[in-house]
$ cat data_19.cif   # mmCIF, C-alpha atoms and all ligand atoms
data_run
loop_
_atom_site.label_atom_id
_atom_site.label_comp_id
_atom_site.auth_asym_id
_atom_site.auth_seq_id
_atom_site.Cartn_x
_atom_site.Cartn_y
_atom_site.Cartn_z
CA MET E 798 -25.65 -0.88 10.32
CA LEU E 799 -25.20 -4.53 11.30
CA ASP E 800 -22.77 -5.39 14.09
CA LYS E 801 -20.00 -7.98 13.83
CA THR E 802 -22.17 -10.79 15.24
CA ASP E 803 -24.97 -10.18 12.72
CA ILE E 804 -22.47 -9.97 9.86
CA ARG E 805 -20.93 -13.27 10.91
CA LYS E 806 -24.37 -14.90 11.21
CA GLU E 807 -25.44 -13.69 7.77
CA LEU E 808 -22.17 -14.83 6.16
CA ARG E 809 -22.36 -18.25 7.83
CA ALA E 810 -25.89 -18.66 6.50
CA HIS E 811 -24.52 -18.40 2.94
CA TYR E 812 -21.00 -19.84 3.09
CA ASP E 813 -19.32 -22.72 4.92
CA LEU E 814 -16.86 -20.79 7.07
CA GLU E 815 -16.11 -23.41 9.73
CA PRO E 816 -12.37 -23.74 10.39
CA SER E 817 -11.24 -26.93 8.68
CA LEU E 818 -7.86 -28.64 8.71
CA GLU E 819 -9.11 -30.86 5.88
CA LEU E 820 -9.88 -27.87 3.65
CA ALA E 821 -6.59 -26.26 4.72
CA ALA E 822 -4.76 -29.38 3.46
CA GLU E 823 -6.76 -29.35 0.20
CA MET E 824 -5.72 -25.73 -0.32
CA SER E 825 -2.08 -26.36 0.62
CA ASP E 826 -0.87 -24.92 -2.72
CA ILE E 827 -1.94 -21.47 -1.50
CA HIS E 828 -0.59 -22.07 2.01
CA ALA E 829 2.79 -23.02 0.51
CA ARG E 830 3.27 -19.33 -0.44
CA MET E 831 3.11 -18.28 3.24
CA ASP E 832 4.20 -21.46 4.98
CA ARG E 833 7.04 -19.70 6.88
CA VAL E 834 4.74 -17.15 8.49
CA MET E 835 1.41 -18.96 8.88
CA PRO E 836 0.92 -22.05 11.06
CA MET E 837 -1.49 -24.65 9.62
CA VAL E 838 -3.99 -24.07 12.46
CA ASP E 839 -4.30 -20.42 11.42
CA TRP E 840 -4.59 -21.38 7.75
CA ALA E 841 -7.47 -23.71 8.75
CA ILE E 842 -9.35 -20.59 9.95
CA HIS E 843 -8.58 -18.53 6.81
CA ALA E 844 -8.98 -21.19 4.11
CA PRO E 845 -12.83 -21.28 4.17
CA TYR E 846 -12.91 -17.48 3.68
CA VAL E 847 -10.35 -17.63 0.90
CA ARG E 848 -12.38 -20.32 -0.87
CA ALA E 849 -15.65 -18.35 -0.49
CA ILE E 850 -14.10 -15.08 -1.71
CA ASN E 851 -12.40 -16.69 -4.71
CA ILE E 852 -15.71 -18.27 -5.83
CA LEU E 853 -17.73 -15.08 -5.25
CA LYS E 854 -15.10 -12.95 -6.99
CA LYS E 855 -15.68 -14.92 -10.22
CA GLN E 856 -19.48 -14.71 -9.89
CA ARG E 857 -19.30 -10.92 -9.49
CA ASN E 858 -16.67 -10.52 -12.24
CA ALA E 859 -14.45 -8.78 -9.69
CA VAL E 860 -10.72 -8.25 -9.46
CA ILE E 861 -8.86 -7.78 -6.18
CA LEU E 862 -6.02 -5.24 -6.09
CA ALA E 863 -3.92 -5.61 -2.93
CA HIS E 864 -1.13 -3.49 -1.53
CA ASN E 865 2.12 -5.08 -0.32
CA TYR E 866 1.11 -4.26 3.30
CA MET E 867 -1.92 -6.54 3.29
CA ARG E 868 -2.01 -9.53 5.64
CA PRO E 869 -0.48 -12.71 4.08
CA GLN E 870 -3.87 -14.48 3.79
CA ILE E 871 -5.11 -11.57 1.61
CA TYR E 872 -1.87 -11.03 -0.30
CA HIS E 873 -1.37 -14.72 -1.13
CA GLY E 874 -4.93 -16.01 -0.78
CA ILE E 875 -7.27 -13.75 -2.74
CA ALA E 876 -5.37 -10.97 -4.54
CA ASP E 877 -5.26 -10.89 -8.36
CA VAL E 878 -2.74 -8.06 -8.42
CA VAL E 879 -0.28 -7.19 -5.65
CA GLY E 880 2.22 -4.36 -5.59
CA ASP E 881 3.26 -0.89 -4.49
CA SER E 882 1.09 2.20 -4.99
CA LEU E 883 2.52 2.88 -8.46
CA HIS E 884 1.95 -0.67 -9.72
CA LEU E 885 -1.61 -0.72 -8.34
CA ALA E 886 -2.41 2.63 -9.99
CA ILE E 887 -1.02 1.43 -13.35
CA LYS E 888 -2.89 -1.88 -13.08
CA ALA E 889 -6.10 0.02 -12.23
CA THR E 890 -5.91 1.61 -15.70
CA GLU E 891 -5.95 -1.89 -17.27
CA VAL E 892 -8.81 -3.54 -15.35
CA GLU E 893 -11.42 -5.29 -17.50
CA ALA E 894 -13.58 -6.70 -14.69
CA ASP E 895 -16.80 -4.92 -13.66
CA VAL E 896 -15.85 -4.65 -10.00
CA ILE E 897 -12.59 -3.68 -8.29
CA VAL E 898 -12.11 -4.66 -4.64
CA GLN E 899 -9.34 -2.54 -3.16
CA CYS E 900 -7.42 -4.26 -0.41
CA GLY E 901 -5.44 -1.31 0.84
CA VAL E 902 -6.42 2.09 2.17
CA HIS E 903 -9.07 4.57 1.08
CA PHE E 904 -6.90 6.81 -1.11
CA MET E 905 -5.95 3.73 -3.18
CA ALA E 906 -9.63 2.90 -3.76
CA GLU E 907 -10.27 6.52 -4.75
CA THR E 908 -7.40 6.34 -7.23
CA SER E 909 -8.93 3.20 -8.77
CA LYS E 910 -12.32 4.93 -8.99
CA ILE E 911 -10.79 8.06 -10.53
CA LEU E 912 -9.18 5.89 -13.21
CA ASN E 913 -12.33 3.78 -13.70
CA PRO E 914 -15.33 6.09 -13.24
CA ARG E 915 -17.76 3.58 -14.74
CA LYS E 916 -16.68 0.58 -12.67
CA THR E 917 -17.81 -0.35 -9.17
CA VAL E 918 -14.97 0.07 -6.69
CA LEU E 919 -15.44 -1.58 -3.30
CA MET E 920 -13.59 -0.66 -0.13
CA PRO E 921 -14.01 -3.39 2.54
CA ASP E 922 -13.55 -0.86 5.37
CA MET E 923 -14.21 2.82 4.72
CA GLU E 924 -12.25 3.71 7.85
CA ALA E 925 -8.98 2.42 6.43
CA GLY E 926 -7.45 5.88 6.08
CA CYS E 927 -3.87 7.16 6.11
CA SER E 928 -2.13 9.71 8.36
CA LEU E 929 -0.60 11.36 5.29
CA ALA E 930 -3.90 11.66 3.40
CA GLU E 931 -5.50 13.11 6.53
CA SER E 932 -2.77 15.73 6.99
CA ILE E 933 -3.71 17.98 4.06
CA THR E 934 -6.76 19.40 2.27
CA ALA E 935 -7.20 21.34 -0.98
CA GLU E 936 -7.04 24.49 1.19
CA GLY E 937 -3.52 23.46 2.27
CA ILE E 938 -2.50 23.20 -1.38
CA ALA E 939 -3.87 26.71 -1.99
CA GLN E 940 -1.79 27.99 0.97
CA MET E 941 1.38 26.45 -0.48
CA ARG E 942 0.66 27.94 -3.92
CA ALA E 943 0.18 31.37 -2.30
CA ARG E 944 3.48 31.01 -0.42
CA TYR E 945 5.47 29.84 -3.47
CA PRO E 946 3.82 31.47 -6.50
CA GLY E 947 4.37 29.65 -9.79
CA ALA E 948 5.91 26.54 -8.20
CA PRO E 949 4.32 23.26 -9.36
CA VAL E 950 2.62 21.06 -6.76
CA VAL E 951 3.69 17.40 -6.69
CA SER E 952 1.34 15.49 -4.38
CA TYR E 953 2.02 12.02 -3.10
CA VAL E 954 -0.71 9.55 -4.12
CA ASN E 955 -1.38 9.20 -0.37
CA THR E 956 -3.89 12.07 -0.65
CA THR E 957 -7.63 12.50 -1.15
CA ALA E 958 -9.13 13.02 -4.61
CA GLU E 959 -9.71 16.71 -3.74
CA VAL E 960 -6.01 17.21 -3.00
CA LYS E 961 -5.00 15.38 -6.18
CA ALA E 962 -7.41 17.58 -8.15
CA ALA E 963 -5.77 20.70 -6.70
CA SER E 964 -2.25 19.44 -7.59
CA ASP E 965 -0.30 19.58 -10.86
CA ILE E 966 0.92 16.01 -10.75
CA CYS E 967 1.08 13.05 -8.36
CA CYS E 968 4.01 10.88 -7.38
CA THR E 969 4.62 7.67 -5.46
CA SER E 970 7.66 6.61 -3.48
CA ALA E 971 8.84 4.70 -6.58
CA ASN E 972 8.93 7.70 -8.92
CA ALA E 973 9.06 10.82 -6.68
CA ALA E 974 12.63 11.79 -7.66
CA GLN E 975 11.89 11.31 -11.41
CA ILE E 976 8.72 13.39 -11.19
CA VAL E 977 10.37 16.24 -9.28
CA ALA E 978 13.35 16.25 -11.66
CA ALA E 979 10.95 16.50 -14.62
CA MET E 980 9.25 19.66 -13.30
CA ASP E 981 9.95 22.77 -15.35
CA SER E 982 10.69 24.97 -12.32
CA ASP E 983 13.57 25.55 -9.90
CA THR E 984 11.22 25.40 -6.89
CA VAL E 985 8.90 22.41 -6.45
CA ILE E 986 6.21 22.02 -3.77
CA MET E 987 5.91 18.47 -2.41
CA THR E 988 2.92 17.46 -0.30
CA PRO E 989 2.08 16.05 2.16
CA ASP E 990 5.07 13.91 3.27
CA LYS E 991 7.89 16.05 4.68
CA TRP E 992 10.23 13.06 5.01
CA LEU E 993 9.70 11.84 1.45
CA ALA E 994 10.28 15.44 0.29
CA GLN E 995 13.53 15.72 2.26
CA ASN E 996 14.75 12.36 0.96
CA VAL E 997 13.94 13.42 -2.60
CA ALA E 998 15.72 16.76 -2.04
CA LYS E 999 18.96 14.78 -1.53
CA GLN E 1000 18.43 12.86 -4.78
CA VAL E 1001 17.51 15.95 -6.83
CA PRO E 1002 19.86 18.66 -5.50
CA GLN E 1003 19.28 20.89 -8.54
CA LYS E 1004 15.75 21.67 -7.30
CA ARG E 1005 14.66 23.72 -4.30
CA ILE E 1006 12.02 21.52 -2.70
CA VAL E 1007 9.54 22.91 -0.19
CA TRP E 1008 7.17 20.66 1.71
CA TRP E 1009 4.02 20.27 3.77
CA ASP E 1010 4.30 19.06 7.37
CA GLY E 1011 2.77 15.55 7.02
CA ALA E 1012 4.25 12.20 8.06
CA CYS E 1013 3.44 8.50 8.03
CA ILE E 1014 2.71 7.25 11.55
CA VAL E 1015 4.35 3.91 10.78
CA HIS E 1016 7.63 5.07 9.24
CA GLU E 1017 8.26 7.98 11.60
CA GLN E 1018 8.49 5.51 14.51
CA PHE E 1019 11.91 4.25 13.41
CA SER E 1020 15.03 6.01 14.71
CA PRO E 1021 18.63 5.93 13.44
CA GLN E 1022 19.66 4.43 16.79
CA ASP E 1023 17.28 1.46 16.25
CA LEU E 1024 19.07 0.72 12.98
CA ARG E 1025 22.56 1.09 14.53
CA ASP E 1026 21.57 -1.23 17.39
CA PHE E 1027 20.31 -3.92 15.03
CA ARG E 1028 23.55 -3.71 13.01
CA GLU E 1029 25.64 -4.05 16.12
CA TRP E 1030 23.66 -7.08 17.32
CA ASN E 1031 23.71 -8.71 13.86
CA PRO E 1032 27.00 -8.06 12.03
CA GLY E 1033 26.50 -8.32 8.26
CA LEU E 1034 22.82 -7.35 8.50
CA LYS E 1035 21.49 -5.44 5.46
CA ILE E 1036 19.02 -2.66 6.19
CA ILE E 1037 16.45 -1.46 3.66
CA ALA E 1038 14.31 1.59 4.40
CA HIS E 1039 11.19 3.07 2.87
CA PRO E 1040 11.57 6.75 1.85
CA GLU E 1041 8.66 7.73 4.13
CA CYS E 1042 11.23 7.29 6.96
CA PRO E 1043 13.05 10.41 8.23
CA PRO E 1044 16.30 11.17 6.29
CA ASP E 1045 18.54 10.31 9.26
CA VAL E 1046 16.99 6.82 9.24
CA VAL E 1047 17.39 6.46 5.45
CA ALA E 1048 21.04 7.56 5.85
CA GLU E 1049 21.68 4.52 8.08
CA ALA E 1050 20.20 2.10 5.52
CA ASP E 1051 21.98 0.19 2.73
CA TYR E 1052 19.17 0.93 0.29
CA ALA E 1053 15.88 2.88 0.21
CA GLY E 1054 12.93 2.33 -2.10
CA SER E 1055 9.21 1.81 -2.54
CA THR E 1056 7.74 -1.45 -1.28
CA ALA E 1057 8.07 -3.03 -4.75
CA ASN E 1058 11.67 -1.86 -5.03
CA ILE E 1059 12.41 -3.26 -1.57
CA GLN E 1060 11.07 -6.62 -2.78
CA HIS E 1061 13.21 -6.52 -5.96
CA TRP E 1062 16.28 -5.58 -3.93
CA VAL E 1063 15.84 -8.56 -1.59
CA GLU E 1064 15.20 -10.94 -4.52
CA GLN E 1065 18.31 -9.77 -6.34
CA GLU E 1066 20.74 -9.38 -3.45
CA ARG E 1067 19.54 -12.37 -1.36
CA PRO E 1068 21.21 -11.12 1.86
CA LYS E 1069 21.64 -13.64 4.68
CA GLN E 1070 19.90 -11.32 7.11
CA VAL E 1071 17.80 -8.27 6.28
CA MET E 1072 15.79 -5.71 8.20
CA LEU E 1073 12.96 -4.03 6.29
CA VAL E 1074 12.37 -0.62 7.80
CA THR E 1075 8.74 -0.44 6.76
CA GLU E 1076 5.35 -1.94 7.61
CA CYS E 1077 5.77 -5.38 9.08
CA SER E 1078 3.47 -7.37 6.73
CA MET E 1079 5.87 -6.63 3.88
CA ALA E 1080 8.49 -9.03 5.29
CA SER E 1081 5.82 -11.69 5.97
CA ASN E 1082 4.57 -11.49 2.38
CA ILE E 1083 7.96 -11.95 0.73
CA SER E 1084 9.39 -14.38 3.25
CA ASP E 1085 8.52 -17.67 1.50
CA ALA E 1086 9.78 -16.46 -1.88
CA ASN E 1087 13.18 -15.83 -0.23
CA PRO E 1088 13.71 -18.91 1.95
CA GLU E 1089 17.45 -18.39 2.45
CA VAL E 1090 16.91 -14.84 3.78
CA GLU E 1091 16.29 -14.22 7.48
CA PHE E 1092 14.05 -11.22 8.15
CA LEU E 1093 14.82 -9.34 11.38
CA GLY E 1094 13.59 -6.20 13.08
CA PRO E 1095 10.69 -4.68 14.97
CA CYS E 1096 7.13 -5.22 13.75
CA ASN E 1097 5.49 -1.83 13.14
CA MET E 1098 2.04 -2.31 11.65
CA CYS E 1099 -0.17 0.23 9.89
CA PRO E 1100 -3.45 0.36 11.84
CA TYR E 1101 -5.26 1.50 8.69
CA MET E 1102 -3.96 -1.22 6.39
CA GLN E 1103 -4.67 -3.85 9.03
CA LYS E 1104 -8.36 -2.91 9.09
CA ILE E 1105 -8.79 -4.96 5.92
CA THR E 1106 -9.70 -8.55 6.80
CA LEU E 1107 -10.95 -11.56 4.85
CA GLU E 1108 -14.31 -11.27 6.62
CA LYS E 1109 -14.73 -7.64 5.54
CA VAL E 1110 -13.75 -8.48 1.94
CA LEU E 1111 -16.32 -11.30 1.86
CA TRP E 1112 -18.99 -9.05 3.36
CA SER E 1113 -18.28 -6.27 0.88
CA LEU E 1114 -18.49 -8.64 -2.11
CA HIS E 1115 -21.53 -10.49 -0.69
CA THR E 1116 -23.55 -7.30 -0.10
CA MET E 1117 -21.82 -5.12 -2.73
CA THR E 1118 -21.41 -2.46 -0.05
CA GLY E 1119 -18.51 -0.12 0.60
CA VAL E 1120 -18.94 1.46 -2.84
CA VAL E 1121 -16.44 4.28 -3.38
CA GLU E 1122 -17.77 7.38 -5.13
CA VAL E 1123 -15.82 10.43 -6.31
CA ASP E 1124 -17.60 13.58 -7.48
CA PRO E 1125 -16.98 13.70 -11.28
CA ALA E 1126 -16.03 17.40 -11.02
CA VAL E 1127 -13.18 16.36 -8.69
CA ALA E 1128 -12.42 13.04 -10.39
CA GLU E 1129 -11.49 14.58 -13.75
CA PRO E 1130 -8.72 16.97 -12.55
CA ALA E 1131 -7.56 14.29 -10.08
CA ARG E 1132 -7.34 11.76 -12.94
CA ARG E 1133 -5.21 14.22 -14.94
CA ALA E 1134 -2.73 14.53 -12.04
CA VAL E 1135 -2.50 10.73 -11.68
CA GLN E 1136 -2.29 10.12 -15.44
CA ARG E 1137 0.47 12.75 -15.78
CA MET E 1138 2.44 10.86 -13.14
CA ILE E 1139 2.00 7.56 -15.00
CA ASP E 1140 3.05 9.19 -18.29
CA VAL E 1141 6.17 10.90 -16.84
CA SER E 1142 7.11 7.66 -15.08
CA ARG E 1143 6.81 5.68 -18.33
CA GLN E 1144 8.85 8.26 -20.29
CA ALA E 1145 11.60 8.17 -17.67
CA GLN E 1146 11.78 4.39 -17.95
CA ALA E 1147 11.70 4.28 -21.78
P1 LIG E 1201 4.52 2.18 -1.69
O1 LIG E 1201 3.96 0.79 -1.72
O2 LIG E 1201 4.12 2.92 -2.92
O3 LIG E 1201 5.98 2.16 -1.46
O4 LIG E 1201 3.80 2.97 -0.51
C1 LIG E 1201 3.93 2.69 0.82
C2 LIG E 1201 2.78 3.15 1.61
O5 LIG E 1201 2.91 3.51 2.73
C3 LIG E 1201 1.47 3.09 1.04
O6 LIG E 1201 0.58 3.54 1.96
FE1 LIG E 1202 -0.54 5.82 5.34
FE2 LIG E 1202 1.74 5.11 6.51
FE3 LIG E 1202 -0.35 3.48 6.64
FE4 LIG E 1202 0.92 3.84 4.31
S1 LIG E 1202 1.75 2.92 6.12
S2 LIG E 1202 -1.28 3.85 4.66
S3 LIG E 1202 1.53 5.98 4.47
S4 LIG E 1202 -0.22 5.54 7.53
#

$ encode --input "data_19.cif" --output "structure tokens"
Amino acid sequence: MLDKTDIRKELRAHYDLEPSLELAAEMSDIHARMDRVMPMVDWAIHAPYVRAINILKKQRNAVILAHNYMRPQIYHGIADVVGDSLHLAIKATEVEADVIVQCGVHFMAETSKILNPRKTVLMPDMEAGCSLAESITAEGIAQMRARYPGAPVVSYVNTTAEVKAASDICCTSANAAQIVAAMDSDTVIMTPDKWLAQNVAKQVPQKRIVWWDGACIVHEQFSPQDLRDFREWNPGLKIIAHPECPPDVVAEADYAGSTANIQHWVEQERPKQVMLVTECSMASNISDANPEVEFLGPCNMCPYMQKITLEKVLWSLHTMTGVVEVDPAVAEPARRAVQRMIDVSRQAQA
């Protein structure tokens, strides 16, 4: 395994990666999408990587799927598709390119592989995990089934392929309430996010929802008092929370939704001041598209999402390493659980 210095040396032998204000100015159309959050001197460092990746991406016939929590230089600079977990999963079913580079966390790359078993899926950093995905195994699903016989298991997409394979259906934060409501059972098991489950329980009171004890390390850091303090300091502030936050935090918010729904809400409502109670990159990524909106609040970052850098994406595409594999015996039942989610979601929207 090469260390960072060797990787840098090898990349610099193949690509011109010197910081350049001249190149940054030439690529100002891309910078214009993140002008509010990225000084030109920083863009001068990123622009050579963005140029190299965008050229290499075409040579490799690759497509880059990026989650809304990616750094702005990835989100605006190199991504072909950006979105929440649901949008990325749906788009993964439509990919025509030979190679998918997943800018997000490992479970997202696994989902792309499950949906595209014959394509090469690259993960720029295999250690980009997720506290939710790490909180449960297939054995945990078996324990829940034993405790609540006959109840269907709805697993959040933030799970490994093995857990998806052991579940009846998946859900994301965008469709969790729809999926649970569509289950043909009074009791529904939701794994692994206890807070998402408790937020859904309020939206779908006709179901008895039981949950696993997992949580997102980013969203559980917010407290209701934080939100009350920010409101007091900024009268008129709108607060939007992600449903991975505890219910008492969501109760203090004006709206709760998936990252894509948060973006739509801001674009439609155009509040003067808004606090996004979610991963901090989200506000950076939508800031320029909403110039009249001021984004306030603490900056909680996901250490897993932030592992993905331009340098790692370039390395992965250059060497075609970081290939994600899923055992076909696991991939097939996991694909069924993901596909069922997509189908139920589409029916509910039709
Ligand atoms: P969504 O983008 O689906 O809302 O998910 C948030 C998240 O934490 C993904 O890891
Ligand atoms: Fe997992 Fe939370 Fe990071 Fe999303 S933000 S990847 S749920 S740890």

$ residues_around --input "data_19.cif" --residues "region 1018-1031 of chain E" --least-positions-apart "2" --cutoff "10 Å" --atoms "all atoms listed in the file" --output "ChimeraX atom specification"
/E:1013-1016,1033-1038,1042-1050,1070-1072,1074-1075,1093-1095,1097

$ closest_atom_pairs --input "data_19.cif" --of "region 1038-1088 of chain E" --to "region 854-876 of chain E" --cutoff "7 Å" --atoms "all atoms listed in the file" --output "Markdown table"
| residue | atom | partner | partner_atom | distance |
| --- | --- | --- | --- | --- |
| E:Thr1056 | CA | E:Asn865 | CA | 6.8 |
| E:Glu1076 | CA | E:Tyr866 | CA | 6.5 |
| E:Ser1078 | CA | E:Tyr866 | CA | 5.2 |
| E:Met1079 | CA | E:Tyr866 | CA | 5.3 |
| E:Ser1081 | CA | E:Pro869 | CA | 6.7 |
| E:Asn1082 | CA | E:Pro869 | CA | 5.5 |

$ residues_near_ligand --input "data_19.cif" --ligand "ligand LIG 1202 (chain E)" --cutoff "6 Å" --atoms "only C-alpha atoms and all ligand atoms" --output "VMD selection string"
chain E and resid 902 927 to 929 1013 to 1015 1099 1101 to 1102

$ residues_near_ligand --input "data_19.cif" --ligand "ligand LIG 1201 (chain E)" --cutoff "6 Å" --atoms "all atoms listed in the file" --output "PyMOL selection string"
chain E and resi 881-883+969-970+1055-1056

$ atom_distance --input "data_19.cif" --atom1 "CA of Gln1146 (chain E)" --atom2 "CA of Ile887 (chain E)"
13.9 Å

$ closest_residue --input "data_19.cif" --among "E:Gln1003, E:Asn1087, E:Thr957, E:Thr934" --to "Met980 (chain E)" --atoms "all atoms listed in the file"
E:Gln1003

$ residues_around --input "data_19.cif" --residues "Val951 (chain E)" --least-positions-apart "4" --cutoff "12 Å" --atoms "all atoms listed in the file" --output "VMD selection string"
chain E and resid 938 941 to 942 955 to 956 960 to 970 972 to 982 984 to 990 993 to 994 997 1006 to 1009 1134 to 1135 1137 to 1138

$ closest_residue --input "data_19.cif" --among "E:Leu1111, E:Val918, E:Val1063, E:Ala906" --to "Glu1091 (chain E)" --atoms "only C-alpha atoms"
E:Val1063

$ atom_distance --input "data_19.cif" --atom1 "CA of Ile897 (chain E)" --atom2 "CA of Cys1077 (chain E)"
25.3 Å

$ atom_distance --input "data_19.cif" --atom1 "CA of Pro816 (chain E)" --atom2 "CA of Leu1114 (chain E)"
20.5 Å

$ residues_near_point --input "data_19.cif" --point "(-3.0, -28.8, 5.1)" --cutoff "12 Å" --atoms "only C-alpha atoms" --output "ChimeraX atom specification"
/E:816-829,832,835-844

$ closest_residue --input "data_19.cif" --among "E:Val1123, E:Ala1128, E:Val1110, E:Val950" --to "Gln899 (chain E)" --atoms "only C-alpha atoms"
E:Val1110

$ residues_near_point --input "data_19.cif" --point "(-14.5, 12.5, -5.1)" --cutoff "8 Å" --atoms "only C-alpha atoms" --output "CSV table (one decimal) with C-alpha atoms, in the frame of the given file"
chain,number,residue,atom,x,y,z
E,907,GLU,CA,-10.3,6.5,-4.8
E,911,ILE,CA,-10.8,8.1,-10.5
E,957,THR,CA,-7.6,12.5,-1.2
E,958,ALA,CA,-9.1,13.0,-4.6
E,959,GLU,CA,-9.7,16.7,-3.7
E,1122,GLU,CA,-17.8,7.4,-5.1
E,1123,VAL,CA,-15.8,10.4,-6.3
E,1124,ASP,CA,-17.6,13.6,-7.5
E,1125,PRO,CA,-17.0,13.7,-11.3
E,1126,ALA,CA,-16.0,17.4,-11.0
E,1127,VAL,CA,-13.2,16.4,-8.7
E,1128,ALA,CA,-12.4,13.0,-10.4

$ closest_residue --input "data_19.cif" --among "E:Asp1051, E:Asp1010, E:Asp895, E:Asp877" --to "Ala930 (chain E)" --atoms "all atoms listed in the file"
E:Asp1010

$ closest_residue --input "data_19.cif" --among "E:Thr1116, E:Ser932, E:Thr1106, E:Ser1084" --to "Arg833 (chain E)" --atoms "only C-alpha atoms"
E:Ser1084

$ closest_residue --input "data_19.cif" --among "E:Asp813, E:Asp800, E:Glu1066, E:Asp922" --to "Gly901 (chain E)" --atoms "all atoms listed in the file"
E:Asp922
